[in-house]
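Q: Contents of my_file-v6.cif (mmCIF, C-alpha atoms) are below:
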data_structure
#
loop_
_atom_site.label_atom_id
_atom_site.label_comp_id
_atom_site.auth_asym_id
_atom_site.auth_seq_id
_atom_site.Cartn_x
_atom_site.Cartn_y
_atom_site.Cartn_z
CA MET V 226 127.96 127.23 51.79
CA ALA V 227 126.12 125.37 49.09
CA LYS V 228 124.32 128.52 47.98
CA ASP V 229 127.48 130.56 47.82
CA GLU V 230 129.34 127.87 45.93
CA HIS V 231 126.66 127.45 43.33
CA THR V 232 124.91 130.52 42.12
CA GLU V 233 125.02 128.72 38.75
CA PRO V 234 125.25 125.04 37.99
CA PRO V 235 128.87 123.94 37.53
CA SER V 236 130.19 123.65 33.97
CA ALA V 237 131.01 120.31 32.43
CA PRO V 238 134.05 118.76 34.14
CA ALA V 239 135.95 118.51 30.84
CA LEU V 240 135.86 122.28 30.45
CA ARG V 241 136.63 122.98 34.08
CA ILE V 242 139.77 120.84 34.12
CA LYS V 243 140.92 122.30 30.82
CA ALA V 244 140.49 125.80 32.24
CA LEU V 245 142.27 124.87 35.47
CA GLU V 246 145.14 123.26 33.60
CA SER V 247 145.65 126.33 31.39
CA LEU V 248 145.61 128.69 34.40
CA LEU V 249 148.08 126.51 36.31
CA VAL V 250 150.38 126.22 33.30
CA GLU V 251 150.40 130.03 32.97
CA ARG V 252 151.45 130.30 36.60
CA GLY V 253 154.24 127.79 36.15
CA LEU V 254 152.67 125.39 38.63
CA VAL V 255 151.97 122.62 36.14
CA ASP V 256 154.03 121.43 33.18
CA PRO V 257 151.76 119.92 30.49
CA GLY V 258 154.46 117.40 29.52
CA ALA V 259 154.58 116.20 33.11
CA VAL V 260 150.79 115.74 33.05
CA ASP V 261 151.16 113.42 30.05
CA GLU V 262 153.96 111.57 31.81
CA ILE V 263 152.05 110.92 35.05
CA ILE V 264 149.00 109.75 33.07
CA ASP V 265 151.19 107.35 31.11
CA ILE V 266 152.76 105.95 34.28
CA PHE V 267 149.42 105.18 35.91
CA GLU V 268 147.75 103.98 32.74
CA LYS V 269 150.53 101.71 31.50
CA ARG V 270 153.23 101.07 34.07
CA ILE V 271 151.60 100.78 37.49
CA GLY V 272 148.87 98.28 38.22
CA PRO V 273 147.88 95.15 40.11
CA ARG V 274 150.59 93.10 38.36
CA ASN V 275 152.97 94.79 40.83
CA GLY V 276 150.99 93.57 43.81
CA ALA V 277 150.71 90.10 42.28
CA LYS V 278 154.51 89.91 42.20
CA VAL V 279 154.63 90.83 45.89
CA VAL V 280 152.10 88.13 46.77
CA ALA V 281 153.80 85.47 44.65
CA HIS V 282 157.16 86.32 46.19
CA ALA V 283 155.69 86.00 49.67
CA TRP V 284 154.14 82.64 48.82
CA ALA V 285 157.47 81.37 47.50
CA ASP V 286 159.69 82.77 50.24
CA PRO V 287 158.56 82.36 53.88
CA GLU V 288 161.25 84.76 55.12
CA TYR V 289 159.97 87.44 52.75
CA MET V 290 156.42 86.80 53.92
CA LYS V 291 157.53 87.45 57.50
CA ARG V 292 159.14 90.74 56.49
CA LEU V 293 156.09 91.69 54.43
CA LEU V 294 153.70 91.17 57.33
CA ALA V 295 156.04 92.91 59.80
CA ASP V 296 156.70 96.03 57.70
CA GLY V 297 154.72 96.20 54.47
CA SER V 298 156.22 99.39 53.03
CA LYS V 299 159.79 98.21 53.58
CA ALA V 300 159.28 94.71 52.18
CA ILE V 301 157.36 96.00 49.15
CA ALA V 302 160.14 98.51 48.50
CA GLU V 303 162.57 95.56 48.26
CA LEU V 304 160.79 94.71 45.00
CA GLY V 305 160.99 98.31 43.85
CA PHE V 306 157.36 99.34 44.35
CA THR V 307 157.33 102.69 46.13
CA GLY V 308 155.78 106.10 45.72
CA LEU V 309 152.56 108.04 46.08
CA GLN V 310 149.88 106.33 48.16
CA GLY V 311 152.17 103.50 49.17
CA GLU V 312 154.11 105.23 51.92
CA ASP V 313 152.49 103.37 54.83
CA MET V 314 151.54 99.90 53.69
CA VAL V 315 149.95 97.33 55.96
CA VAL V 316 149.65 93.82 54.53
CA LEU V 317 146.79 91.70 55.89
CA GLU V 318 147.24 87.94 55.87
CA ASN V 319 144.27 85.75 55.00
CA THR V 320 144.25 82.49 56.93
CA PRO V 321 141.85 79.54 57.26
CA LYS V 322 140.35 81.46 60.20
CA VAL V 323 140.38 85.07 58.95
CA HIS V 324 139.31 86.70 55.71
CA ASN V 325 140.34 90.33 55.26
CA VAL V 326 138.71 92.92 53.01
CA VAL V 327 139.68 96.55 52.41
CA VAL V 328 137.57 99.67 51.90
CA CYS V 329 137.87 103.43 52.16
CA THR V 330 134.46 104.46 53.47
CA LEU V 331 135.34 108.17 53.42
CA CYS V 332 136.78 108.42 49.94
CA SER V 333 139.04 106.27 47.78
CA CYS V 334 142.32 105.54 49.59
CA TYR V 335 144.08 102.68 47.81
CA PRO V 336 147.68 101.41 47.53
CA TRP V 337 148.68 102.85 44.15
CA PRO V 338 152.23 101.42 43.82
CA THR V 339 151.03 97.83 44.21
CA LEU V 340 147.47 97.92 42.86
CA GLY V 341 147.39 100.94 40.54
CA LEU V 342 144.31 103.15 40.58
CA PRO V 343 141.12 101.73 42.10
CA PRO V 344 138.18 100.46 40.05
CA ASN V 345 135.05 102.59 40.04
CA TRP V 346 133.09 100.27 42.30
CA TYR V 347 135.70 100.74 45.04
CA LYS V 348 135.15 104.52 44.93
CA ALA V 349 131.37 104.45 44.52
CA ALA V 350 128.76 104.73 47.27
CA PRO V 351 127.33 101.17 47.34
CA TYR V 352 130.60 99.40 48.22
CA ARG V 353 131.70 102.06 50.71
CA ALA V 354 128.31 102.05 52.42
CA ARG V 355 127.67 98.31 52.50
CA ILE V 356 130.93 96.44 53.02
CA VAL V 357 131.15 97.65 56.62
CA ILE V 358 127.64 96.54 57.66
CA GLU V 359 127.00 93.50 55.52
CA PRO V 360 130.42 92.26 54.43
CA ARG V 361 129.39 88.63 53.98
CA LYS V 362 126.51 89.62 51.75
CA VAL V 363 128.67 91.90 49.62
CA LEU V 364 131.39 89.24 49.40
CA ALA V 365 128.78 86.71 48.29
CA GLU V 366 127.84 89.07 45.46
CA PHE V 367 131.50 89.02 44.45
CA GLY V 368 131.30 85.23 44.43
CA ILE V 369 132.96 84.52 47.78
CA ASP V 370 131.12 82.48 50.36
CA VAL V 371 132.96 82.92 53.62
CA ALA V 372 132.24 80.00 55.94
CA PRO V 373 130.40 81.00 59.14
CA ASP V 374 133.35 79.95 61.32
CA VAL V 375 135.73 82.21 59.40
CA GLU V 376 136.04 85.71 60.81
CA VAL V 377 135.63 88.57 58.32
CA ARG V 378 137.77 91.62 59.07
CA VAL V 379 136.94 94.82 57.22
CA TRP V 380 139.74 97.38 57.16
CA ASP V 381 138.82 101.02 56.58
CA SER V 382 141.71 102.97 55.10
CA ASN V 383 142.59 106.40 56.45
CA ALA V 384 144.52 109.30 55.01
CA GLU V 385 147.88 107.63 55.71
CA ILE V 386 147.58 103.86 55.92
CA ARG V 387 147.08 101.79 52.78
CA TYR V 388 146.04 98.17 53.13
CA MET V 389 146.63 95.22 50.84
CA VAL V 390 145.40 91.67 51.38
CA LEU V 391 147.79 88.74 51.18
CA PRO V 392 145.50 85.96 49.96
CA MET V 393 146.10 82.30 50.81
CA ARG V 394 148.16 80.29 48.39
CA PRO V 395 145.84 77.85 46.66
CA ALA V 396 146.40 74.11 47.05
CA GLY V 397 147.85 72.35 44.04
CA THR V 398 150.48 75.00 43.34
CA GLU V 399 153.41 73.19 44.91
CA GLY V 400 156.60 73.71 42.95
CA TRP V 401 155.18 76.55 40.82
CA SER V 402 157.51 79.37 39.79
CA GLU V 403 156.82 82.84 41.18
CA GLU V 404 155.89 83.96 37.71
CA LYS V 405 153.26 81.27 37.41
CA LEU V 406 151.99 81.92 40.94
CA ALA V 407 151.58 85.62 40.13
CA THR V 408 149.13 84.77 37.34
CA LEU V 409 146.70 83.52 40.00
CA VAL V 410 146.68 86.81 41.89
CA SER V 411 143.97 89.20 40.71
CA ARG V 412 143.43 92.80 41.76
CA ASP V 413 140.30 91.83 43.66
CA SER V 414 142.11 89.08 45.58
CA MET V 415 144.37 91.79 47.03
CA ILE V 416 141.36 93.95 47.99
CA GLY V 417 139.76 90.89 49.56
CA THR V 418 136.84 90.58 47.15
CA ALA V 419 138.18 87.51 45.35
CA ILE V 420 140.07 84.34 46.21
CA PRO V 421 142.86 82.97 44.02
CA LYS V 422 141.96 79.65 42.48
CA VAL V 423 143.72 77.11 40.33
CA LYS V 424 141.70 76.44 37.22
CA ALA V 425 140.57 72.84 37.21
CA MET A 247 133.78 116.04 59.93
CA ASN A 248 130.39 114.38 59.72
CA GLY A 249 128.99 114.63 56.22
CA ILE A 250 127.82 112.91 53.09
CA HIS A 251 131.29 111.51 52.37
CA ASP A 252 131.01 109.40 55.54
CA LEU A 253 129.12 106.67 53.70
CA GLY A 254 130.01 103.64 55.82
CA GLY A 255 126.86 101.88 57.02
CA MET A 256 124.33 103.90 55.01
CA HIS A 257 121.42 102.15 53.38
CA GLY A 258 119.79 102.56 50.00
CA PHE A 259 122.66 102.77 47.54
CA GLY A 260 121.82 99.51 45.79
CA PRO A 261 124.15 96.82 44.52
CA VAL A 262 127.87 97.17 43.88
CA VAL A 263 128.15 97.66 40.13
CA ARG A 264 131.28 96.20 38.57
CA GLU A 265 132.68 96.62 35.10
CA GLU A 266 134.55 93.79 33.38
CA ASN A 267 138.00 94.77 32.10
CA GLU A 268 137.54 98.29 33.37
CA PRO A 269 139.96 100.81 31.84
CA VAL A 270 142.11 102.93 34.19
CA PHE A 271 140.34 106.07 32.95
CA HIS A 272 136.97 106.34 31.24
CA ALA A 273 137.46 109.66 29.45
CA GLU A 274 140.16 112.13 28.48
CA TRP A 275 139.00 114.65 31.09
CA GLU A 276 139.54 111.99 33.79
CA ARG A 277 143.13 111.50 32.57
CA ARG A 278 143.82 115.24 32.60
CA THR A 279 142.21 115.64 36.03
CA PHE A 280 144.32 112.88 37.53
CA GLY A 281 147.54 114.36 36.12
CA VAL A 282 146.80 118.02 36.82
CA VAL A 283 145.59 117.46 40.39
CA ASN A 284 148.58 115.29 41.30
CA LEU A 285 151.06 117.78 39.87
CA ALA A 286 149.32 120.78 41.42
CA MET A 287 149.35 119.02 44.78
CA GLY A 288 153.08 118.45 44.43
CA ALA A 289 153.84 121.99 43.29
CA MET A 290 151.72 123.60 46.00
CA GLN A 291 152.47 121.08 48.74
CA ILE A 292 148.86 120.11 49.18
CA HIS A 293 148.61 117.00 51.36
CA VAL A 294 146.03 114.30 50.64
CA ASP A 295 144.16 115.26 53.83
CA GLU A 296 143.76 118.79 52.61
CA ILE A 297 142.24 118.00 49.25
CA ARG A 298 140.07 115.32 50.80
CA HIS A 299 138.77 117.87 53.27
CA ALA A 300 138.05 120.23 50.37
CA ILE A 301 136.12 117.46 48.63
CA GLU A 302 134.19 116.78 51.83
CA ARG A 303 132.85 120.33 51.66
CA MET A 304 130.99 119.59 48.42
CA PRO A 305 127.23 120.14 48.62
CA PRO A 306 125.89 116.69 49.57
CA ALA A 307 123.54 116.20 46.62
CA GLU A 308 126.27 117.18 44.19
CA TYR A 309 128.73 114.84 45.92
CA LEU A 310 126.45 111.86 45.36
CA GLU A 311 125.50 112.71 41.79
CA SER A 312 128.83 113.69 40.30
CA PRO A 313 131.42 111.30 38.86
CA TYR A 314 134.47 110.55 41.00
CA TYR A 315 137.01 112.76 39.25
CA GLU A 316 134.63 115.71 39.43
CA HIS A 317 135.23 115.52 43.17
CA TRP A 318 138.92 116.07 42.50
CA ILE A 319 138.15 119.09 40.30
CA TYR A 320 135.92 120.55 43.00
CA GLY A 321 138.62 120.02 45.64
CA LEU A 322 141.35 121.57 43.53
CA GLU A 323 139.21 124.58 42.60
CA ALA A 324 138.39 125.20 46.25
CA LEU A 325 142.02 125.04 47.37
CA LEU A 326 143.25 127.24 44.51
CA ARG A 327 140.67 129.89 45.43
CA GLU A 328 141.42 129.69 49.14
CA ARG A 329 145.14 130.05 48.56
CA GLY A 330 144.56 133.01 46.26
CA VAL A 331 146.03 131.29 43.19
CA ILE A 332 142.91 131.84 41.10
CA THR A 333 139.61 133.61 41.59
CA ARG A 334 136.16 132.28 40.87
CA ASP A 335 135.63 134.95 38.17
CA GLU A 336 138.89 134.19 36.46
CA LEU A 337 138.05 130.50 36.26
CA ALA A 338 134.53 131.25 35.00
CA ARG A 339 135.99 133.53 32.29
CA ARG A 340 138.47 130.87 31.19
CA VAL A 341 135.74 128.23 31.06
CA ALA A 342 133.60 130.59 28.94
CA GLU A 343 136.52 131.30 26.57
CA LEU A 344 137.25 127.61 26.11
CA ALA A 345 133.58 126.84 25.56
CA LYS A 346 133.46 129.52 22.85
CA GLN A 347 136.58 128.13 21.16
CA GLU A 348 135.15 124.62 21.17
CA LYS A 349 131.97 125.78 19.47
CA LYS A 350 133.92 127.26 16.55
#
As structure tokens, how would this structure be written, given the file I've shared?

A:
Amino acid sequence: MAKDEHTEPPSAPALRIKALESLLVERGLVDPGAVDEIIDIFEKRIGPRNGAKVVAHAWADPEYMKRLLADGSKAIAELGFTGLQGEDMVVLENTPKVHNVVVCTLCSCYPWPTLGLPPNWYKAAPYRARIVIEPRKVLAEFGIDVAPDVEVRVWDSNAEIRYMVLPMRPAGTEGWSEEKLATLVSRDSMIGTAIPKVKA
Amino acid sequence: MNGIHDLGGMHGFGPVVREENEPVFHAEWERRTFGVVNLAMGAMQIHVDEIRHAIERMPPAEYLESPYYEHWIYGLEALLRERGVITRDELARRVAELAKQEKK
């Protein structure tokens, strides 16, 4: 296959996508305006601030947290976050006994409606290769030291299911508004490679 | 399918390299690729599994060396050829035309 596919080295990706776009526009399969629109949505309107709102709401409302853990997609939709790559959401609760972390070893599956598009490291070989065999070591590189008596669960996404971590609410946040709580929730804390902390 | 994409547990890839304040896209061609591939998938009813399988057929060395969104381009090209929407020659001609225009 490799030989057949590549009698010549492939052209620069910028040219290839430009050529593909023009051919697809000619065939009526792609509308250039819609391309601009979808780029704008993912660049400016969808991102981890959505997920942070979900987490903060769960921290503030125990009934919502129950719904979120029972049926992630449905509970997240209550806050209006739906769409591509968020159809089958499973929310993983961190506890004093369990730390969850998410990967897609085969590719780059990621919950777009709540976290936006993944960072490069999530899609690159080192994270995909290593987090499943030496999770504690990788987490330490991210600055998380998981105590030996805490179980680390690594969740490998598949073509349908998208995982998101529900981190533990930090101590010292009693009485905080949801808005303020959301500021503690980073993208990485919902992947499982960071832990929300209150700045001292 | 067993292949290079099945990276879980492999050794030798080095540290996880992170970028502070990483932008959503790193170049204009990444933006266009994201938009065009998503829309083409919608218009042609290509499921995520299908394009992922197309990407998994990349030659292994190329898979490891190419940037992420080049995988998407490879997958889309393969599916468009297989469904008879475009031919390899047609795409090569269009790439050559655009390259010529850009040189002017």

Q: Under the PyMOL selection byres ((chain V) within 8 of (chain A)), which residues of this model are included? Write them out as a PDB file with C-alpha atoms, keeping the file's coordinate frame.

A:
ATOM      1  CA  MET V 226     127.960 127.230  51.790  1.00  0.00           C
ATOM      2  CA  ALA V 227     126.120 125.370  49.090  1.00  0.00           C
ATOM      3  CA  SER V 236     130.190 123.650  33.970  1.00  0.00           C
ATOM      4  CA  PRO V 238     134.050 118.760  34.140  1.00  0.00           C
ATOM      5  CA  ALA V 239     135.950 118.510  30.840  1.00  0.00           C
ATOM      6  CA  LEU V 240     135.860 122.280  30.450  1.00  0.00           C
ATOM      7  CA  ARG V 241     136.630 122.980  34.080  1.00  0.00           C
ATOM      8  CA  ILE V 242     139.770 120.840  34.120  1.00  0.00           C
ATOM      9  CA  LYS V 243     140.920 122.300  30.820  1.00  0.00           C
ATOM     10  CA  ALA V 244     140.490 125.800  32.240  1.00  0.00           C
ATOM     11  CA  LEU V 245     142.270 124.870  35.470  1.00  0.00           C
ATOM     12  CA  GLU V 246     145.140 123.260  33.600  1.00  0.00           C
ATOM     13  CA  LEU V 248     145.610 128.690  34.400  1.00  0.00           C
ATOM     14  CA  LEU V 249     148.080 126.510  36.310  1.00  0.00           C
ATOM     15  CA  LEU V 254     152.670 125.390  38.630  1.00  0.00           C
ATOM     16  CA  VAL V 255     151.970 122.620  36.140  1.00  0.00           C
ATOM     17  CA  ALA V 259     154.580 116.200  33.110  1.00  0.00           C
ATOM     18  CA  VAL V 260     150.790 115.740  33.050  1.00  0.00           C
ATOM     19  CA  ASP V 261     151.160 113.420  30.050  1.00  0.00           C
ATOM     20  CA  ILE V 263     152.050 110.920  35.050  1.00  0.00           C
ATOM     21  CA  ILE V 264     149.000 109.750  33.070  1.00  0.00           C
ATOM     22  CA  PHE V 267     149.420 105.180  35.910  1.00  0.00           C
ATOM     23  CA  GLU V 268     147.750 103.980  32.740  1.00  0.00           C
ATOM     24  CA  THR V 330     134.460 104.460  53.470  1.00  0.00           C
ATOM     25  CA  LEU V 331     135.340 108.170  53.420  1.00  0.00           C
ATOM     26  CA  CYS V 332     136.780 108.420  49.940  1.00  0.00           C
ATOM     27  CA  LEU V 342     144.310 103.150  40.580  1.00  0.00           C
ATOM     28  CA  PRO V 344     138.180 100.460  40.050  1.00  0.00           C
ATOM     29  CA  ASN V 345     135.050 102.590  40.040  1.00  0.00           C
ATOM     30  CA  TRP V 346     133.090 100.270  42.300  1.00  0.00           C
ATOM     31  CA  LYS V 348     135.150 104.520  44.930  1.00  0.00           C
ATOM     32  CA  ALA V 349     131.370 104.450  44.520  1.00  0.00           C
ATOM     33  CA  ALA V 350     128.760 104.730  47.270  1.00  0.00           C
ATOM     34  CA  PRO V 351     127.330 101.170  47.340  1.00  0.00           C
ATOM     35  CA  TYR V 352     130.600  99.400  48.220  1.00  0.00           C
ATOM     36  CA  ARG V 353     131.700 102.060  50.710  1.00  0.00           C
ATOM     37  CA  ALA V 354     128.310 102.050  52.420  1.00  0.00           C
ATOM     38  CA  ARG V 355     127.670  98.310  52.500  1.00  0.00           C
ATOM     39  CA  ILE V 356     130.930  96.440  53.020  1.00  0.00           C
ATOM     40  CA  VAL V 357     131.150  97.650  56.620  1.00  0.00           C
ATOM     41  CA  ILE V 358     127.640  96.540  57.660  1.00  0.00           C
ATOM     42  CA  VAL V 363     128.670  91.900  49.620  1.00  0.00           C
ATOM     43  CA  ALA V 384     144.520 109.300  55.010  1.00  0.00           C
TER      44      ALA V 384
END

Q: How many Å separate CA of Gln310 in chain V from CA of Tyr347 in chain V?

A: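 Rounded to one decimal, the two atoms are 15.6 Å apart.
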
Q: List every protein, DNA or RNA residue that has an atom no more than 9 Å from (145.2, 89.9, 42.8) in the file's coordinate frame, counting only C-alpha atoms, and report them as a VMD selection string.

A: chain V and resid 273 to 274 276 to 277 280 340 390 to 392 407 to 417 419 to 421

Q: Spell out the residues picked by the PyMOL selection byres ((chain V and resi 376) around 8) here, as a ChimeraX atom specification.

A: /V:322-324,373-375,377-378

Q: In Å to one decimal, how far is CA of Pro287 in chain V from CA of Ile386 in chain V?

A: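 Straight-line distance from CA of Ile386 in chain V to CA of Pro287 in chain V works out to 24.2 Å.
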
Q: Do you have the CA of Glu266 in chain A-CA of Arg270 in chain V distance handy?

A: 20.1 Å

Q: Just the residues within 8 Å of range 298-303 of chain V, please, counting all atoms listed in the file, with nothing from its chain fewer than 4 positions along; format it as a PyMOL selection string.

A: chain V and resi 279+289+292-293+307+311-315

Q: Fewer than 4 positions away in the same chain doesn't count, so skip those; otherwise give me all residues within 8 Å of Asp370 in chain V, counting only C-alpha atoms, as a list in words.

A: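 Once the adjacent positions are removed, what remains is Arg361, Leu364 and Ala365 of chain V.
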